[in-house]
Amino acid sequence: MARFEEKRCGCGFPVARRTSWTHDNPGRKFVACKFFNHETGQRGCNTFEWVDEEILDWQRDGTNVLIAEKHRLSTDLSILRTRLACTEHEKGHLASELNMLKNRKNRAEIGLMEEENSRNKLLVTCVIVSVVVSFCIVKLFG
Ligand SMILES: [Zn+2]
């Protein structure tokens, strides 16, 4: 491997070590001109050399299946992350709604207790008044 690190391309720069992720050569290591760019198709001075041995068909197929699987899993992962973020948001919304409902329930209970208290006072007053009235009637006409 040391011999590749010392190697220079036609431009005079040390060669760049890269990994191919093409369908035909997935995972294969190579050295190339530092201006080599698979994305743009730029090849610099055209210096290019495979570092490892050629892969067998079953290795190529297996690697491509794994790469496709990796893409599928990372898509699934980002969908799940989005769903999780939505769920967290919904959870926060439901928690504040629950708090609001609890407050409303507490206020309603307090209102009911106050209503019951005033009803009891009214009942006691009615009883006292009817006792007094009955007493007076008995005293006057009895
Ligand atoms: Zn070069």
# chains A, B, ... in the order shown; residues from 1 in each chain; ligands from 1
>>> residues_near_ligand(ligand="ligand 1", cutoff="7 Å", atoms="only C-alpha atoms and all ligand atoms", output="list in words")
Cys9, Gly10, Cys11, Gly12, Phe13, Cys33, Lys34, Phe35, Gly44, Cys45, Asn46 and Thr47 of chain A
>>> select_by_dssp(residues="segment 1-121 of chain A", states="strand (DSSP E or B)", output="list in words")
Arg8, Pro14, Ala16, Arg17, Arg18, Thr19, Ser20, Trp21, Pro26, Gly27, Arg28, Lys29, Phe30, Val31, Ala32, Phe36, Asn37, Gln42, Arg43, Phe48, Glu49 and Trp50 of chain A
>>> write_last_selection(atoms="N, CA, C and O atoms", output="mmCIF file, in the first residue's frame")
data_model
loop_
_atom_site.group_PDB
_atom_site.id
_atom_site.type_symbol
_atom_site.label_atom_id
_atom_site.label_comp_id
_atom_site.auth_asym_id
_atom_site.auth_seq_id
_atom_site.Cartn_x
_atom_site.Cartn_y
_atom_site.Cartn_z
ATOM 1 N N ARG A 8 2.569 9.849 -7.536
ATOM 2 C CA ARG A 8 2.045 11.152 -7.922
ATOM 3 C C ARG A 8 1.374 11.030 -9.291
ATOM 4 O O ARG A 8 1.766 10.204 -10.109
ATOM 5 N N PRO A 14 0.215 14.178 -5.023
ATOM 6 C CA PRO A 14 0.060 12.790 -4.564
ATOM 7 C C PRO A 14 -1.321 12.275 -4.995
ATOM 8 O O PRO A 14 -2.291 13.043 -4.960
ATOM 9 N N ALA A 16 -4.966 10.483 -4.969
ATOM 10 C CA ALA A 16 -6.007 10.398 -3.937
ATOM 11 C C ALA A 16 -6.516 8.972 -3.871
ATOM 12 O O ALA A 16 -6.735 8.337 -4.903
ATOM 13 N N ARG A 17 -6.677 8.467 -2.637
ATOM 14 C CA ARG A 17 -7.246 7.115 -2.452
ATOM 15 C C ARG A 17 -8.753 7.250 -2.334
ATOM 16 O O ARG A 17 -9.251 8.037 -1.545
ATOM 17 N N ARG A 18 -9.453 6.497 -3.132
ATOM 18 C CA ARG A 18 -10.921 6.589 -3.132
ATOM 19 C C ARG A 18 -11.537 5.200 -3.103
ATOM 20 O O ARG A 18 -10.865 4.208 -3.309
ATOM 21 N N THR A 19 -12.849 5.173 -2.885
ATOM 22 C CA THR A 19 -13.608 3.930 -2.956
ATOM 23 C C THR A 19 -14.693 4.105 -4.004
ATOM 24 O O THR A 19 -15.406 5.114 -3.996
ATOM 25 N N SER A 20 -14.785 3.152 -4.900
ATOM 26 C CA SER A 20 -15.805 3.217 -5.950
ATOM 27 C C SER A 20 -17.139 2.731 -5.399
ATOM 28 O O SER A 20 -17.188 1.745 -4.664
ATOM 29 N N TRP A 21 -18.224 3.448 -5.738
ATOM 30 C CA TRP A 21 -19.562 2.959 -5.369
ATOM 31 C C TRP A 21 -20.429 2.830 -6.610
ATOM 32 O O TRP A 21 -21.637 3.019 -6.561
ATOM 33 N N PRO A 26 -18.698 -1.915 -6.885
ATOM 34 C CA PRO A 26 -19.064 -1.376 -5.569
ATOM 35 C C PRO A 26 -18.028 -1.733 -4.504
ATOM 36 O O PRO A 26 -17.647 -2.893 -4.389
ATOM 37 N N GLY A 27 -17.562 -0.738 -3.778
ATOM 38 C CA GLY A 27 -16.655 -0.980 -2.652
ATOM 39 C C GLY A 27 -15.194 -1.163 -3.031
ATOM 40 O O GLY A 27 -14.361 -1.361 -2.155
ATOM 41 N N ARG A 28 -14.876 -1.095 -4.327
ATOM 42 C CA ARG A 28 -13.467 -1.296 -4.732
ATOM 43 C C ARG A 28 -12.658 -0.033 -4.492
ATOM 44 O O ARG A 28 -13.111 1.073 -4.724
ATOM 45 N N LYS A 29 -11.411 -0.252 -4.028
ATOM 46 C CA LYS A 29 -10.508 0.874 -3.742
ATOM 47 C C LYS A 29 -9.697 1.201 -4.994
ATOM 48 O O LYS A 29 -9.309 0.306 -5.746
ATOM 49 N N PHE A 30 -9.448 2.494 -5.179
ATOM 50 C CA PHE A 30 -8.593 2.903 -6.285
ATOM 51 C C PHE A 30 -7.847 4.179 -5.925
ATOM 52 O O PHE A 30 -8.186 4.866 -4.959
ATOM 53 N N VAL A 31 -6.798 4.449 -6.676
ATOM 54 C CA VAL A 31 -6.111 5.735 -6.548
ATOM 55 C C VAL A 31 -6.306 6.468 -7.859
ATOM 56 O O VAL A 31 -6.391 5.843 -8.927
ATOM 57 N N ALA A 32 -6.409 7.786 -7.788
ATOM 58 C CA ALA A 32 -6.641 8.571 -8.993
ATOM 59 C C ALA A 32 -6.109 9.971 -8.781
ATOM 60 O O ALA A 32 -5.724 10.347 -7.657
ATOM 61 N N PHE A 36 -10.018 13.878 -9.801
ATOM 62 C CA PHE A 36 -11.017 12.902 -10.254
ATOM 63 C C PHE A 36 -12.292 13.112 -9.443
ATOM 64 O O PHE A 36 -12.251 13.195 -8.227
ATOM 65 N N ASN A 37 -13.422 13.198 -10.147
ATOM 66 C CA ASN A 37 -14.696 13.368 -9.447
ATOM 67 C C ASN A 37 -15.772 12.589 -10.188
ATOM 68 O O ASN A 37 -16.155 12.936 -11.300
ATOM 69 N N GLN A 42 -15.451 14.599 -13.970
ATOM 70 C CA GLN A 42 -14.110 15.153 -14.160
ATOM 71 C C GLN A 42 -13.073 14.079 -13.841
ATOM 72 O O GLN A 42 -13.223 13.348 -12.872
ATOM 73 N N ARG A 43 -12.031 13.969 -14.650
ATOM 74 C CA ARG A 43 -11.042 12.921 -14.409
ATOM 75 C C ARG A 43 -9.638 13.487 -14.182
ATOM 76 O O ARG A 43 -8.681 12.736 -14.063
ATOM 77 N N PHE A 48 -5.426 6.801 -12.993
ATOM 78 C CA PHE A 48 -6.430 5.958 -12.338
ATOM 79 C C PHE A 48 -5.872 4.549 -12.235
ATOM 80 O O PHE A 48 -5.361 4.012 -13.211
ATOM 81 N N GLU A 49 -5.963 3.975 -11.031
ATOM 82 C CA GLU A 49 -5.477 2.607 -10.866
ATOM 83 C C GLU A 49 -6.234 1.926 -9.728
ATOM 84 O O GLU A 49 -6.395 2.500 -8.651
ATOM 85 N N TRP A 50 -6.702 0.701 -10.003
ATOM 86 C CA TRP A 50 -7.363 -0.063 -8.940
ATOM 87 C C TRP A 50 -6.317 -0.489 -7.925
ATOM 88 O O TRP A 50 -5.210 -0.877 -8.292
#
>>> atom_distance(atom1="atom CA of Glu54 of chain A", atom2="atom CA of Ser74 of chain A")
28.4 Å
>>> decode(residues="segment 112-131 of chain A", atoms="N, CA, C and O atoms", output="compact mmCIF listing (two decimals), in the first residue's frame")
# COMPACT_ATOMS: atom_id res chain seq x y z
N LEU A 112 -69.34 23.37 41.72
CA LEU A 112 -70.37 22.46 42.24
C LEU A 112 -70.42 22.50 43.76
O LEU A 112 -71.52 22.51 44.36
N MET A 113 -69.21 22.53 44.38
CA MET A 113 -69.17 22.57 45.85
C MET A 113 -69.82 23.86 46.37
O MET A 113 -70.58 23.83 47.33
N GLU A 114 -69.50 24.97 45.70
CA GLU A 114 -70.08 26.25 46.12
C GLU A 114 -71.60 26.25 45.97
O GLU A 114 -72.33 26.71 46.85
N GLU A 115 -72.07 25.65 44.86
CA GLU A 115 -73.51 25.56 44.60
C GLU A 115 -74.19 24.72 45.68
O GLU A 115 -75.25 25.08 46.20
N GLU A 116 -73.54 23.59 46.04
CA GLU A 116 -74.10 22.71 47.05
C GLU A 116 -74.15 23.41 48.41
O GLU A 116 -75.14 23.30 49.15
N ASN A 117 -73.08 24.16 48.72
CA ASN A 117 -73.03 24.92 49.98
C ASN A 117 -74.18 25.91 50.07
O ASN A 117 -74.87 25.99 51.09
N SER A 118 -74.40 26.65 48.95
CA SER A 118 -75.45 27.66 49.02
C SER A 118 -76.83 26.99 49.07
O SER A 118 -77.74 27.50 49.72
N ARG A 119 -76.98 25.81 48.43
CA ARG A 119 -78.24 25.08 48.52
C ARG A 119 -78.50 24.62 49.96
O ARG A 119 -79.62 24.71 50.46
N ASN A 120 -77.43 24.14 50.61
CA ASN A 120 -77.56 23.71 52.00
C ASN A 120 -77.95 24.88 52.91
O ASN A 120 -78.80 24.73 53.79
N LYS A 121 -77.33 26.06 52.66
CA LYS A 121 -77.66 27.25 53.47
C LYS A 121 -79.13 27.61 53.30
O LYS A 121 -79.83 27.93 54.27
N LEU A 122 -79.58 27.53 52.02
CA LEU A 122 -80.98 27.85 51.73
C LEU A 122 -81.91 26.89 52.45
O LEU A 122 -82.92 27.30 53.05
N LEU A 123 -81.55 25.59 52.44
CA LEU A 123 -82.37 24.56 53.10
C LEU A 123 -82.45 24.81 54.60
O LEU A 123 -83.55 24.78 55.19
N VAL A 124 -81.29 25.12 55.22
CA VAL A 124 -81.24 25.39 56.66
C VAL A 124 -82.11 26.62 56.97
O VAL A 124 -82.90 26.61 57.92
N THR A 125 -81.98 27.67 56.13
CA THR A 125 -82.78 28.87 56.34
C THR A 125 -84.28 28.55 56.26
O THR A 125 -85.07 28.99 57.10
N CYS A 126 -84.67 27.74 55.24
CA CYS A 126 -86.08 27.36 55.09
C CYS A 126 -86.58 26.60 56.31
O CYS A 126 -87.70 26.84 56.81
N VAL A 127 -85.78 25.68 56.81
CA VAL A 127 -86.17 24.89 57.98
C VAL A 127 -86.38 25.81 59.18
O VAL A 127 -87.39 25.72 59.88
N ILE A 128 -85.40 26.73 59.39
CA ILE A 128 -85.50 27.66 60.53
C ILE A 128 -86.76 28.52 60.41
O ILE A 128 -87.55 28.66 61.36
N VAL A 129 -86.97 29.07 59.18
CA VAL A 129 -88.14 29.93 58.96
C VAL A 129 -89.43 29.14 59.22
O VAL A 129 -90.34 29.61 59.91
N SER A 130 -89.49 27.88 58.68
CA SER A 130 -90.74 27.12 58.88
C SER A 130 -90.95 26.74 60.34
O SER A 130 -92.08 26.72 60.82
N VAL A 131 -89.85 26.49 61.08
CA VAL A 131 -89.98 26.19 62.51
C VAL A 131 -90.52 27.44 63.24
O VAL A 131 -91.46 27.35 64.05
